[in-house]
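Q: The structure is given below, and queries will be raised subsequently.
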Amino acid sequence: MNESSYTIKTHVFEGPLDTLLSLIEKRKLFINDISLSQVADDYITYIKNLADFPIADSAHFILIASTLILIKSKSLLPDLQLTEEEESSIEDLESRLVEYQKYKELSRHLRDRFGMNVSYVRQPSREKKIVFAPDKNTHVEKMHEVIRRVIAEIPKKEIVPHAVIKKVMSLEEMIESLTERITKSMKMSFKDFSGLGKEEMNKEKFQENKIEIIVSFLAMLELVKQGIIDVRQEVHFQDIEMETQRVGIPRY
Amino acid sequence: MNTELVQKIEAILFYTAEEIEEKELAKILEVRPEEITVALAELNEVLSSRGVRLVRHDTAVILTTAPEMSGAIEKMIRTERERDLGRAGLETLTIIAYKGPVIKKEIEYIRGVNSDYILRNLLLRSLVKKSTEEENGKALYTLTTEALLHLGLSHIEDLPEYEKIKKTLDAHTHSEKNTDTDDAVEIKKEMEQEMEEEMPYTEHGY
Amino acid sequence: MNTELVQKIEAILFYTAEEIEEKELAKILEVRPEEITVALAELNEVLSSRGVRLVRHDTAVILTTAPEMSGAIEKMIRTERERDLGRAGLETLTIIAYKGPVIKKEIEYIRGVNSDYILRNLLLRSLVKKSTEEENGKALYTLTTEALLHLGLSHIEDLPEYEKIKKTLDAHTHSEKNTDTDDAVEIKKEMEQEMEEEMPYTEHGY
């Protein structure tokens, strides 16, 4: 991908769906798996280059990146079998994008109207007299009860989800680590690399490490694309073997 | 036609200068709620060519200046029009307008981002409110009458494409995937076509 | 006949709710005073069979409710006074009681919603008043003497847990983000715990 095809950096996006949708619309594509696989690289490049990464939404960004990787890898490796869950996460992303696009389109109506021709409420009527008028709840006990409720409901201060951030390893780091480890062992498997092979993976553990695995996979594909490594999978669901050709001299 | 009732309603709405529930009007004027509904329709008709409008939202009504008169009012009070809702605000308001009442989680699912801040902002600007109803203990957000006033609408149904969208939404929620009514499918297709025609979409239009 | 001008005049008079000089209208609407006079005559004609009337005082005009409507208005006045304050009203009242003198913005910060309308209502019901003091040009609200008397308090400090609650509220508004005093954190925790134990709180308990 050359630089010129990627010129949306100046724009501030509202979130991952907005980013993705804009990438698709920019290429005048419709929302489907083909267009998504085409913009996957753009999206990943975008989030990699994001200077002010919206920390609160980083998990959303990465999760969508992971789905894009699935779509992309499916298009690169047509034989790749996806699990039901993976299939549905792809469908889900598509339908979310369609839905989001719909509201984005609709928001133009509001944008065109908002504040343009405002209907004004009448100013307080001069006919109104100030008259002392408490109601049945205007007593000390009730007020005490109400104020305590108010305090309990004061919006909590924004908490930056550190835990989430910690889990989401950056792509750069992952690619670096991948390059380094491949150079060392010249031949290793994806399982070892991603940590999948280290210990028995129960479902919970897998969920926990899902992002990391996905990021690993993504990094691997990136390396394949850059010609740094070759990958080989003998049997579906079996381990993927990664091999360097000539480290340091990428083939283009 | 009950001219006297229409006049009384107009006087009360004029005096109170606030939203009032239809059933409260019925109580004050000692008539059946249906009579109020009929009289309001009539008042709406009478006012349609005037400087004042009847705005209805949910079960409440309020008298306001006609949206076409905004220029004259603004000149008098020398205010700048408030148009700085921002993209996030607009998007969120749009979802609430067309899909509301809606819980926060659903808004966030559609937008793909955390929407706490933007919702708080809309609440403080009195453009959305938490409905008195809840969904499994979660707050449901709806548009306020004030939001309608800012949009110059007399009724939420006057929003462009409102009925059409509601129809597709209902079709989606009532029937699961792939069992859209023919109607809804057609509307969806139509919308997709429209979108196609309208592109290229401009990024910086907001 | 200049319908548009008549409409504009009606909108302005409706909005301002006070007397306006004819020549002021001419200035706002950028027309000759004679045109205003003609349009006013027309407006007067249009309104003759409506719930609202045009009244002239020398060279000034004002819209008021039609005299025949006084019965309905009386009832409306009574209804307004007898209406429950509602959750929003009570919340605002108690915040002013415990935290007052307090500016509107702080009340809104604590409640998370716009409070213009509620404040207006509490003022009209003489439960709160604007203090003679101001904070940077912003009105400060406090309870009225009548309200204190009604609550049976000689001093606002006699409210249950006054110091503690005031401190908590102050901590939330005065200190910017994430600088809660230990005290405030503790009080808040305590209250949250108490709440959990004591409630189930009913939305409609007010």
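Every chain in the structure tokens has a letter given in the order shown (A, B, ...), and although residue numbers restart at 1 in each chain, ligands are simply numbered from 1 in the order shown.
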At a cut-off of 7 Å, which residues of chain B touch chain A? Count only C-alpha atoms and give the answer as a PDB file with all heavy atoms, in the first residue's frame.
A:
ATOM      1  N   TYR B  15     -50.615  30.966  29.549  1.00  0.00           N
ATOM      2  CA  TYR B  15     -50.309  31.392  30.904  1.00  0.00           C
ATOM      3  C   TYR B  15     -49.154  30.604  31.512  1.00  0.00           C
ATOM      4  O   TYR B  15     -48.194  31.166  32.039  1.00  0.00           O
ATOM      5  CB  TYR B  15     -51.553  31.253  31.796  1.00  0.00           C
ATOM      6  CG  TYR B  15     -51.230  31.317  33.271  1.00  0.00           C
ATOM      7  CD1 TYR B  15     -51.072  32.543  33.911  1.00  0.00           C
ATOM      8  CD2 TYR B  15     -51.044  30.145  34.008  1.00  0.00           C
ATOM      9  CE1 TYR B  15     -50.733  32.601  35.257  1.00  0.00           C
ATOM     10  CE2 TYR B  15     -50.704  30.200  35.349  1.00  0.00           C
ATOM     11  CZ  TYR B  15     -50.549  31.423  35.969  1.00  0.00           C
ATOM     12  OH  TYR B  15     -50.207  31.482  37.285  1.00  0.00           O
ATOM     13  N   THR B  16     -49.235  29.288  31.427  1.00  0.00           N
ATOM     14  CA  THR B  16     -48.267  28.465  32.152  1.00  0.00           C
ATOM     15  C   THR B  16     -46.864  28.526  31.545  1.00  0.00           C
ATOM     16  O   THR B  16     -45.876  28.413  32.245  1.00  0.00           O
ATOM     17  CB  THR B  16     -48.757  27.010  32.299  1.00  0.00           C
ATOM     18  OG1 THR B  16     -47.899  26.335  33.205  1.00  0.00           O
ATOM     19  CG2 THR B  16     -48.734  26.259  30.982  1.00  0.00           C
ATOM     20  N   ALA B  17     -46.804  28.709  30.223  1.00  0.00           N
ATOM     21  CA  ALA B  17     -45.503  28.825  29.540  1.00  0.00           C
ATOM     22  C   ALA B  17     -44.608  27.626  29.811  1.00  0.00           C
ATOM     23  O   ALA B  17     -43.394  27.730  29.828  1.00  0.00           O
ATOM     24  CB  ALA B  17     -44.796  30.130  29.937  1.00  0.00           C
ATOM     25  N   LEU B  63     -46.985  25.540  24.188  1.00  0.00           N
ATOM     26  CA  LEU B  63     -47.050  26.558  23.137  1.00  0.00           C
ATOM     27  C   LEU B  63     -45.671  27.163  22.969  1.00  0.00           C
ATOM     28  O   LEU B  63     -44.981  27.447  23.946  1.00  0.00           O
ATOM     29  CB  LEU B  63     -48.026  27.679  23.524  1.00  0.00           C
ATOM     30  CG  LEU B  63     -49.503  27.557  23.201  1.00  0.00           C
ATOM     31  CD1 LEU B  63     -50.189  28.895  23.489  1.00  0.00           C
ATOM     32  CD2 LEU B  63     -49.760  27.119  21.771  1.00  0.00           C
ATOM     33  N   THR B  64     -45.271  27.371  21.729  1.00  0.00           N
ATOM     34  CA  THR B  64     -43.972  27.992  21.462  1.00  0.00           C
ATOM     35  C   THR B  64     -44.125  28.973  20.305  1.00  0.00           C
ATOM     36  O   THR B  64     -45.164  28.999  19.652  1.00  0.00           O
ATOM     37  CB  THR B  64     -42.923  26.947  21.028  1.00  0.00           C
ATOM     38  OG1 THR B  64     -43.313  26.424  19.751  1.00  0.00           O
ATOM     39  CG2 THR B  64     -42.791  25.820  22.021  1.00  0.00           C
ATOM     40  N   THR B  65     -43.083  29.732  20.062  1.00  0.00           N
ATOM     41  CA  THR B  65     -43.101  30.566  18.860  1.00  0.00           C
ATOM     42  C   THR B  65     -42.935  29.648  17.657  1.00  0.00           C
ATOM     43  O   THR B  65     -42.330  28.582  17.762  1.00  0.00           O
ATOM     44  CB  THR B  65     -41.945  31.585  18.873  1.00  0.00           C
ATOM     45  OG1 THR B  65     -40.699  30.869  18.932  1.00  0.00           O
ATOM     46  CG2 THR B  65     -42.033  32.513  20.076  1.00  0.00           C
ATOM     47  N   ALA B  66     -43.468  30.049  16.520  1.00  0.00           N
ATOM     48  CA  ALA B  66     -43.316  29.240  15.311  1.00  0.00           C
ATOM     49  C   ALA B  66     -41.851  29.238  14.898  1.00  0.00           C
ATOM     50  O   ALA B  66     -41.178  30.262  15.011  1.00  0.00           O
ATOM     51  CB  ALA B  66     -44.180  29.811  14.197  1.00  0.00           C
ATOM     52  N   PRO B  67     -41.353  28.100  14.433  1.00  0.00           N
ATOM     53  CA  PRO B  67     -39.928  28.040  14.080  1.00  0.00           C
ATOM     54  C   PRO B  67     -39.526  29.067  13.013  1.00  0.00           C
ATOM     55  O   PRO B  67     -38.398  29.558  13.036  1.00  0.00           O
ATOM     56  CB  PRO B  67     -39.738  26.600  13.578  1.00  0.00           C
ATOM     57  CG  PRO B  67     -41.085  26.004  13.427  1.00  0.00           C
ATOM     58  CD  PRO B  67     -42.014  26.787  14.278  1.00  0.00           C
ATOM     59  N   GLU B  68     -40.459  29.406  12.135  1.00  0.00           N
ATOM     60  CA  GLU B  68     -40.137  30.384  11.081  1.00  0.00           C
ATOM     61  C   GLU B  68     -39.872  31.770  11.672  1.00  0.00           C
ATOM     62  O   GLU B  68     -39.349  32.652  11.005  1.00  0.00           O
ATOM     63  CB  GLU B  68     -41.276  30.503  10.067  1.00  0.00           C
ATOM     64  CG  GLU B  68     -41.678  29.208   9.392  1.00  0.00           C
ATOM     65  CD  GLU B  68     -42.574  28.342  10.251  1.00  0.00           C
ATOM     66  OE1 GLU B  68     -43.490  28.875  10.907  1.00  0.00           O
ATOM     67  OE2 GLU B  68     -42.325  27.123  10.302  1.00  0.00           O
ATOM     68  N   SER B  70     -37.997  32.376  14.231  1.00  0.00           N
ATOM     69  CA  SER B  70     -36.782  32.370  15.056  1.00  0.00           C
ATOM     70  C   SER B  70     -35.900  33.586  14.785  1.00  0.00           C
ATOM     71  O   SER B  70     -35.310  34.152  15.697  1.00  0.00           O
ATOM     72  CB  SER B  70     -36.000  31.074  14.844  1.00  0.00           C
ATOM     73  OG  SER B  70     -35.593  30.964  13.504  1.00  0.00           O
ATOM     74  N   ARG B  81     -27.292  31.667  17.486  1.00  0.00           N
ATOM     75  CA  ARG B  81     -27.887  30.333  17.455  1.00  0.00           C
ATOM     76  C   ARG B  81     -26.887  29.324  17.964  1.00  0.00           C
ATOM     77  O   ARG B  81     -25.708  29.384  17.631  1.00  0.00           O
ATOM     78  CB  ARG B  81     -28.276  29.980  16.030  1.00  0.00           C
ATOM     79  CG  ARG B  81     -29.444  30.782  15.572  1.00  0.00           C
ATOM     80  CD  ARG B  81     -29.738  30.532  14.134  1.00  0.00           C
ATOM     81  NE  ARG B  81     -30.630  31.590  13.669  1.00  0.00           N
ATOM     82  CZ  ARG B  81     -31.351  31.501  12.585  1.00  0.00           C
ATOM     83  NH1 ARG B  81     -31.277  30.441  11.835  1.00  0.00           N
ATOM     84  NH2 ARG B  81     -32.145  32.488  12.234  1.00  0.00           N
ATOM     85  N   GLU B  82     -27.404  28.413  18.744  1.00  0.00           N
ATOM     86  CA  GLU B  82     -26.548  27.357  19.277  1.00  0.00           C
ATOM     87  C   GLU B  82     -26.495  26.225  18.275  1.00  0.00           C
ATOM     88  O   GLU B  82     -27.468  25.527  18.055  1.00  0.00           O
ATOM     89  CB  GLU B  82     -27.157  26.826  20.565  1.00  0.00           C
ATOM     90  CG  GLU B  82     -26.441  27.258  21.808  1.00  0.00           C
ATOM     91  CD  GLU B  82     -26.987  26.484  22.972  1.00  0.00           C
ATOM     92  OE1 GLU B  82     -28.165  26.669  23.299  1.00  0.00           O
ATOM     93  OE2 GLU B  82     -26.226  25.695  23.540  1.00  0.00           O
ATOM     94  N   ARG B  83     -25.355  26.070  17.658  1.00  0.00           N
ATOM     95  CA  ARG B  83     -25.285  25.013  16.654  1.00  0.00           C
ATOM     96  C   ARG B  83     -24.121  24.070  16.902  1.00  0.00           C
ATOM     97  O   ARG B  83     -23.784  23.254  16.074  1.00  0.00           O
ATOM     98  CB  ARG B  83     -25.152  25.636  15.269  1.00  0.00           C
ATOM     99  CG  ARG B  83     -26.244  26.624  14.929  1.00  0.00           C
ATOM    100  CD  ARG B  83     -26.649  26.496  13.496  1.00  0.00           C
ATOM    101  NE  ARG B  83     -27.030  25.121  13.199  1.00  0.00           N
ATOM    102  CZ  ARG B  83     -26.855  24.552  12.022  1.00  0.00           C
ATOM    103  NH1 ARG B  83     -26.290  25.212  11.054  1.00  0.00           N
ATOM    104  NH2 ARG B  83     -27.234  23.321  11.826  1.00  0.00           N
ATOM    105  N   ALA B  88     -20.230  13.865  17.658  1.00  0.00           N
ATOM    106  CA  ALA B  88     -20.614  12.840  18.623  1.00  0.00           C
ATOM    107  C   ALA B  88     -21.994  13.150  19.200  1.00  0.00           C
ATOM    108  O   ALA B  88     -22.842  12.274  19.328  1.00  0.00           O
ATOM    109  CB  ALA B  88     -19.577  12.743  19.727  1.00  0.00           C
ATOM    110  N   LEU B  90     -24.358  14.949  17.819  1.00  0.00           N
ATOM    111  CA  LEU B  90     -25.358  14.759  16.770  1.00  0.00           C
ATOM    112  C   LEU B  90     -25.694  13.282  16.575  1.00  0.00           C
ATOM    113  O   LEU B  90     -26.861  12.915  16.483  1.00  0.00           O
ATOM    114  CB  LEU B  90     -24.831  15.308  15.443  1.00  0.00           C
ATOM    115  CG  LEU B  90     -25.206  16.738  15.103  1.00  0.00           C
ATOM    116  CD1 LEU B  90     -24.524  17.154  13.814  1.00  0.00           C
ATOM    117  CD2 LEU B  90     -26.718  16.896  14.976  1.00  0.00           C
ATOM    118  N   GLU B  91     -24.659  12.472  16.520  1.00  0.00           N
ATOM    119  CA  GLU B  91     -24.869  11.038  16.326  1.00  0.00           C
ATOM    120  C   GLU B  91     -25.701  10.452  17.455  1.00  0.00           C
ATOM    121  O   GLU B  91     -26.650   9.717  17.223  1.00  0.00           O
ATOM    122  CB  GLU B  91     -23.517  10.317  16.316  1.00  0.00           C
ATOM    123  CG  GLU B  91     -22.923  10.150  14.948  1.00  0.00           C
ATOM    124  CD  GLU B  91     -21.554   9.500  15.034  1.00  0.00           C
ATOM    125  OE1 GLU B  91     -21.307   8.673  15.941  1.00  0.00           O
ATOM    126  OE2 GLU B  91     -20.733   9.848  14.191  1.00  0.00           O
ATOM    127  N   THR B  94     -29.192  11.608  17.365  1.00  0.00           N
ATOM    128  CA  THR B  94     -29.893  10.947  16.260  1.00  0.00           C
ATOM    129  C   THR B  94     -30.374   9.559  16.668  1.00  0.00           C
ATOM    130  O   THR B  94     -31.528   9.193  16.426  1.00  0.00           O
ATOM    131  CB  THR B  94     -28.964  10.813  15.037  1.00  0.00           C
ATOM    132  OG1 THR B  94     -28.488  12.110  14.681  1.00  0.00           O
ATOM    133  CG2 THR B  94     -29.702  10.198  13.860  1.00  0.00           C
ATOM    134  N   ILE B  95     -29.487   8.813  17.311  1.00  0.00           N
ATOM    135  CA  ILE B  95     -29.861   7.465  17.735  1.00  0.00           C
ATOM    136  C   ILE B  95     -31.024   7.532  18.718  1.00  0.00           C
ATOM    137  O   ILE B  95     -31.993   6.788  18.609  1.00  0.00           O
ATOM    138  CB  ILE B  95     -28.648   6.732  18.370  1.00  0.00           C
ATOM    139  CG1 ILE B  95     -27.580   6.494  17.299  1.00  0.00           C
ATOM    140  CG2 ILE B  95     -29.081   5.414  19.007  1.00  0.00           C
ATOM    141  CD1 ILE B  95     -26.224   6.087  17.841  1.00  0.00           C
ATOM    142  N   ILE B 110     -24.011   0.731  19.004  1.00  0.00           N
ATOM    143  CA  ILE B 110     -24.154   1.293  17.655  1.00  0.00           C
ATOM    144  C   ILE B 110     -22.968   2.188  17.321  1.00  0.00           C
ATOM    145  O   ILE B 110     -22.400   2.104  16.242  1.00  0.00           O
ATOM    146  CB  ILE B 110     -25.473   2.098  17.535  1.00  0.00           C
ATOM    147  CG1 ILE B 110     -26.669   1.163  17.637  1.00  0.00           C
ATOM    148  CG2 ILE B 110     -25.507   2.868  16.210  1.00  0.00           C
ATOM    149  CD1 ILE B 110     -28.000   1.859  17.727  1.00  0.00           C
ATOM    150  N   ARG B 111     -22.560   3.035  18.264  1.00  0.00           N
ATOM    151  CA  ARG B 111     -21.493   3.981  17.965  1.00  0.00           C
ATOM    152  C   ARG B 111     -20.104   3.348  18.101  1.00  0.00           C
ATOM    153  O   ARG B 111     -19.133   3.882  17.590  1.00  0.00           O
ATOM    154  CB  ARG B 111     -21.571   5.200  18.895  1.00  0.00           C
ATOM    155  CG  ARG B 111     -22.881   5.978  18.764  1.00  0.00           C
ATOM    156  CD  ARG B 111     -22.811   7.284  19.528  1.00  0.00           C
ATOM    157  NE  ARG B 111     -21.703   8.094  19.076  1.00  0.00           N
ATOM    158  CZ  ARG B 111     -20.808   8.662  19.871  1.00  0.00           C
ATOM    159  NH1 ARG B 111     -20.885   8.505  21.161  1.00  0.00           N
ATOM    160  NH2 ARG B 111     -19.832   9.379  19.366  1.00  0.00           N
ATOM    161  N   GLY B 112     -20.039   2.252  18.822  1.00  0.00           N
ATOM    162  CA  GLY B 112     -18.767   1.570  18.998  1.00  0.00           C
ATOM    163  C   GLY B 112     -17.827   2.251  19.965  1.00  0.00           C
ATOM    164  O   GLY B 112     -16.662   1.928  20.027  1.00  0.00           O
ATOM    165  N   VAL B 113     -18.342   3.223  20.693  1.00  0.00           N
ATOM    166  CA  VAL B 113     -17.498   3.921  21.672  1.00  0.00           C
ATOM    167  C   VAL B 113     -18.275   4.210  22.943  1.00  0.00           C
ATOM    168  O   VAL B 113     -19.504   4.241  22.952  1.00  0.00           O
ATOM    169  CB  VAL B 113     -16.977   5.284  21.148  1.00  0.00           C
ATOM    170  CG1 VAL B 113     -15.868   5.085  20.150  1.00  0.00           C
ATOM    171  CG2 VAL B 113     -18.094   6.109  20.554  1.00  0.00           C
ATOM    172  N   ASN B 114     -17.519   4.418  23.978  1.00  0.00           N
ATOM    173  CA  ASN B 114     -18.086   4.834  25.252  1.00  0.00           C
ATOM    174  C   ASN B 114     -18.829   6.156  25.074  1.00  0.00           C
ATOM    175  O   ASN B 114     -18.325   7.068  24.447  1.00  0.00           O
ATOM    176  CB  ASN B 114     -16.923   4.998  26.242  1.00  0.00           C
ATOM    177  CG  ASN B 114     -17.382   5.416  27.597  1.00  0.00           C
ATOM    178  OD1 ASN B 114     -17.906   6.518  27.779  1.00  0.00           O
ATOM    179  ND2 ASN B 114     -17.206   4.555  28.564  1.00  0.00           N
ATOM    180  N   LEU B 149     -37.775  21.516  20.067  1.00  0.00           N
ATOM    181  CA  LEU B 149     -37.821  22.957  19.826  1.00  0.00           C
ATOM    182  C   LEU B 149     -36.559  23.426  19.102  1.00  0.00           C
ATOM    183  O   LEU B 149     -36.629  24.279  18.218  1.00  0.00           O
ATOM    184  CB  LEU B 149     -37.984  23.731  21.136  1.00  0.00           C
ATOM    185  CG  LEU B 149     -39.199  23.366  21.998  1.00  0.00           C
ATOM    186  CD1 LEU B 149     -39.329  24.333  23.171  1.00  0.00           C
ATOM    187  CD2 LEU B 149     -40.480  23.361  21.194  1.00  0.00           C
ATOM    188  N   HIS B 150     -35.431  22.867  19.488  1.00  0.00           N
ATOM    189  CA  HIS B 150     -34.181  23.224  18.817  1.00  0.00           C
ATOM    190  C   HIS B 150     -34.166  22.763  17.365  1.00  0.00           C
ATOM    191  O   HIS B 150     -33.469  23.325  16.532  1.00  0.00           O
ATOM    192  CB  HIS B 150     -32.979  22.623  19.555  1.00  0.00           C
ATOM    193  CG  HIS B 150     -32.450  23.520  20.624  1.00  0.00           C
ATOM    194  ND1 HIS B 150     -32.859  23.428  21.933  1.00  0.00           N
ATOM    195  CD2 HIS B 150     -31.583  24.536  20.560  1.00  0.00           C
ATOM    196  CE1 HIS B 150     -32.251  24.355  22.630  1.00  0.00           C
ATOM    197  NE2 HIS B 150     -31.470  25.045  21.826  1.00  0.00           N
ATOM    198  N   LEU B 151     -34.913  21.704  17.107  1.00  0.00           N
ATOM    199  CA  LEU B 151     -34.974  21.181  15.747  1.00  0.00           C
ATOM    200  C   LEU B 151     -36.120  21.819  14.964  1.00  0.00           C
ATOM    201  O   LEU B 151     -36.323  21.530  13.791  1.00  0.00           O
ATOM    202  CB  LEU B 151     -35.144  19.657  15.777  1.00  0.00           C
ATOM    203  CG  LEU B 151     -33.963  18.875  16.364  1.00  0.00           C
ATOM    204  CD1 LEU B 151     -34.352  17.443  16.676  1.00  0.00           C
ATOM    205  CD2 LEU B 151     -32.780  18.904  15.402  1.00  0.00           C
ATOM    206  N   GLY B 152     -36.871  22.693  15.634  1.00  0.00           N
ATOM    207  CA  GLY B 152     -37.990  23.371  14.975  1.00  0.00           C
ATOM    208  C   GLY B 152     -39.125  22.443  14.585  1.00  0.00           C
ATOM    209  O   GLY B 152     -39.800  22.672  13.592  1.00  0.00           O
ATOM    210  N   PRO B 160     -37.493  14.041   9.439  1.00  0.00           N
ATOM    211  CA  PRO B 160     -37.415  13.374   8.139  1.00  0.00           C
ATOM    212  C   PRO B 160     -37.179  11.879   8.300  1.00  0.00           C
ATOM    213  O   PRO B 160     -36.390  11.464   9.145  1.00  0.00           O
ATOM    214  CB  PRO B 160     -36.203  14.036   7.474  1.00  0.00           C
ATOM    215  CG  PRO B 160     -36.017  15.332   8.182  1.00  0.00           C
ATOM    216  CD  PRO B 160     -36.538  15.147   9.559  1.00  0.00           C
ATOM    217  N   PRO B 200     -20.330  10.499  -3.233  1.00  0.00           N
ATOM    218  CA  PRO B 200     -19.334  10.315  -2.193  1.00  0.00           C
ATOM    219  C   PRO B 200     -19.652  11.107  -0.935  1.00  0.00           C
ATOM    220  O   PRO B 200     -20.003  12.273  -1.002  1.00  0.00           O
ATOM    221  CB  PRO B 200     -18.060  10.824  -2.836  1.00  0.00           C
ATOM    222  CG  PRO B 200     -18.510  11.734  -3.905  1.00  0.00           C
ATOM    223  CD  PRO B 200     -19.823  11.217  -4.375  1.00  0.00           C
ATOM    224  N   TYR B 201     -19.483  10.414   0.121  1.00  0.00           N
ATOM    225  CA  TYR B 201     -19.773  10.984   1.423  1.00  0.00           C
ATOM    226  C   TYR B 201     -18.620  11.888   1.835  1.00  0.00           C
ATOM    227  O   TYR B 201     -17.473  11.529   1.696  1.00  0.00           O
ATOM    228  CB  TYR B 201     -19.893   9.829   2.409  1.00  0.00           C
ATOM    229  CG  TYR B 201     -20.289  10.249   3.776  1.00  0.00           C
ATOM    230  CD1 TYR B 201     -21.611  10.464   4.089  1.00  0.00           C
ATOM    231  CD2 TYR B 201     -19.320  10.432   4.747  1.00  0.00           C
ATOM    232  CE1 TYR B 201     -21.964  10.843   5.349  1.00  0.00           C
ATOM    233  CE2 TYR B 201     -19.677  10.816   6.005  1.00  0.00           C
ATOM    234  CZ  TYR B 201     -20.990  11.016   6.305  1.00  0.00           C
ATOM    235  OH  TYR B 201     -21.359  11.392   7.551  1.00  0.00           O
TER     236      TYR B 201
END
Q: Which residues are close to Lys75 of chain C, i.e. within 12 Å by only C-alpha atoms, leaving aside same-chain residues fewer than 2 positions away? Reply as a ChimeraX atom specification.
A: /B:8-9,11-12,15-16,24-30 /C:69-73,77-82
Q: Next, write the just-selected residues to a file, as a tab-separated table (two decimals), in the first residue's frame, keeping N, CA, C and O atoms as the atom set.
A:
chain	number	residue	atom	x	y	z
B	8	LYS	N	-59.92	27.98	26.03
B	8	LYS	CA	-59.43	27.77	27.40
B	8	LYS	C	-58.07	27.08	27.39
B	8	LYS	O	-57.18	27.46	28.15
B	9	ILE	N	-57.95	26.10	26.55
B	9	ILE	CA	-56.66	25.39	26.48
B	9	ILE	C	-55.56	26.36	26.04
B	9	ILE	O	-54.47	26.40	26.61
B	11	ALA	N	-55.46	29.56	26.44
B	11	ALA	CA	-55.19	30.49	27.53
B	11	ALA	C	-54.30	29.85	28.59
B	11	ALA	O	-53.34	30.45	29.07
B	12	ILE	N	-54.62	28.61	28.94
B	12	ILE	CA	-53.84	27.91	29.97
B	12	ILE	C	-52.40	27.68	29.50
B	12	ILE	O	-51.45	27.93	30.24
B	15	TYR	N	-50.61	30.97	29.55
B	15	TYR	CA	-50.31	31.39	30.90
B	15	TYR	C	-49.15	30.60	31.51
B	15	TYR	O	-48.19	31.17	32.04
B	16	THR	N	-49.24	29.29	31.43
B	16	THR	CA	-48.27	28.46	32.15
B	16	THR	C	-46.86	28.53	31.55
B	16	THR	O	-45.88	28.41	32.25
B	24	GLU	N	-53.62	16.34	32.63
B	24	GLU	CA	-53.76	17.42	33.61
B	24	GLU	C	-54.72	18.49	33.07
B	24	GLU	O	-55.53	19.05	33.82
B	25	LEU	N	-54.61	18.75	31.79
B	25	LEU	CA	-55.55	19.69	31.16
B	25	LEU	C	-56.99	19.21	31.34
B	25	LEU	O	-57.89	19.98	31.66
B	26	ALA	N	-57.18	17.90	31.15
B	26	ALA	CA	-58.51	17.33	31.30
B	26	ALA	C	-59.04	17.54	32.71
B	26	ALA	O	-60.20	17.87	32.92
B	27	LYS	N	-58.13	17.37	33.67
B	27	LYS	CA	-58.52	17.52	35.08
B	27	LYS	C	-58.91	18.97	35.38
B	27	LYS	O	-59.95	19.25	35.98
B	28	ILE	N	-58.06	19.89	34.95
B	28	ILE	CA	-58.31	21.30	35.22
B	28	ILE	C	-59.62	21.76	34.57
B	28	ILE	O	-60.41	22.47	35.17
B	29	LEU	N	-59.81	21.33	33.35
B	29	LEU	CA	-60.97	21.81	32.59
B	29	LEU	C	-62.20	20.92	32.76
B	29	LEU	O	-63.26	21.17	32.19
B	30	GLU	N	-62.02	19.88	33.57
B	30	GLU	CA	-63.13	18.97	33.88
B	30	GLU	C	-63.83	18.44	32.65
B	30	GLU	O	-65.05	18.53	32.51
C	69	MET	N	-61.36	34.05	30.28
C	69	MET	CA	-60.66	32.82	30.61
C	69	MET	C	-60.24	32.77	32.08
C	69	MET	O	-59.58	31.83	32.51
C	70	SER	N	-60.59	33.81	32.84
C	70	SER	CA	-60.06	33.92	34.20
C	70	SER	C	-60.39	32.70	35.06
C	70	SER	O	-59.57	32.27	35.88
C	71	GLY	N	-61.56	32.09	34.85
C	71	GLY	CA	-61.92	30.90	35.61
C	71	GLY	C	-60.93	29.77	35.39
C	71	GLY	O	-60.41	29.18	36.34
C	72	ALA	N	-60.64	29.52	34.13
C	72	ALA	CA	-59.70	28.44	33.78
C	72	ALA	C	-58.31	28.75	34.32
C	72	ALA	O	-57.63	27.87	34.83
C	73	ILE	N	-57.91	30.02	34.23
C	73	ILE	CA	-56.58	30.40	34.71
C	73	ILE	C	-56.47	30.22	36.23
C	73	ILE	O	-55.47	29.72	36.74
C	77	ILE	N	-53.71	28.07	38.18
C	77	ILE	CA	-52.85	28.60	39.24
C	77	ILE	C	-52.87	27.66	40.45
C	77	ILE	O	-51.84	27.30	41.00
C	78	ARG	N	-54.08	27.25	40.81
C	78	ARG	CA	-54.21	26.35	41.96
C	78	ARG	C	-53.49	25.02	41.68
C	78	ARG	O	-52.77	24.50	42.53
C	79	THR	N	-53.69	24.52	40.48
C	79	THR	CA	-53.05	23.25	40.11
C	79	THR	C	-51.53	23.35	40.21
C	79	THR	O	-50.87	22.46	40.74
C	80	GLU	N	-51.01	24.45	39.73
C	80	GLU	CA	-49.56	24.63	39.76
C	80	GLU	C	-49.05	24.63	41.19
C	80	GLU	O	-48.01	24.06	41.49
C	81	ARG	N	-49.79	25.27	42.07
C	81	ARG	CA	-49.33	25.36	43.46
C	81	ARG	C	-49.45	24.05	44.20
C	81	ARG	O	-48.69	23.77	45.12
C	82	GLU	N	-50.44	23.26	43.82
C	82	GLU	CA	-50.66	22.01	44.54
C	82	GLU	C	-49.88	20.84	43.95
C	82	GLU	O	-49.84	19.76	44.52
Q: Taking into account only C-alpha atoms, which residue in the set C:Leu85, C:Leu140, C:Ile103, C:Ile118 is nearest to chain B?
A: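 With only C-alpha atoms as the atom set, the closest residue is C:Ile118.
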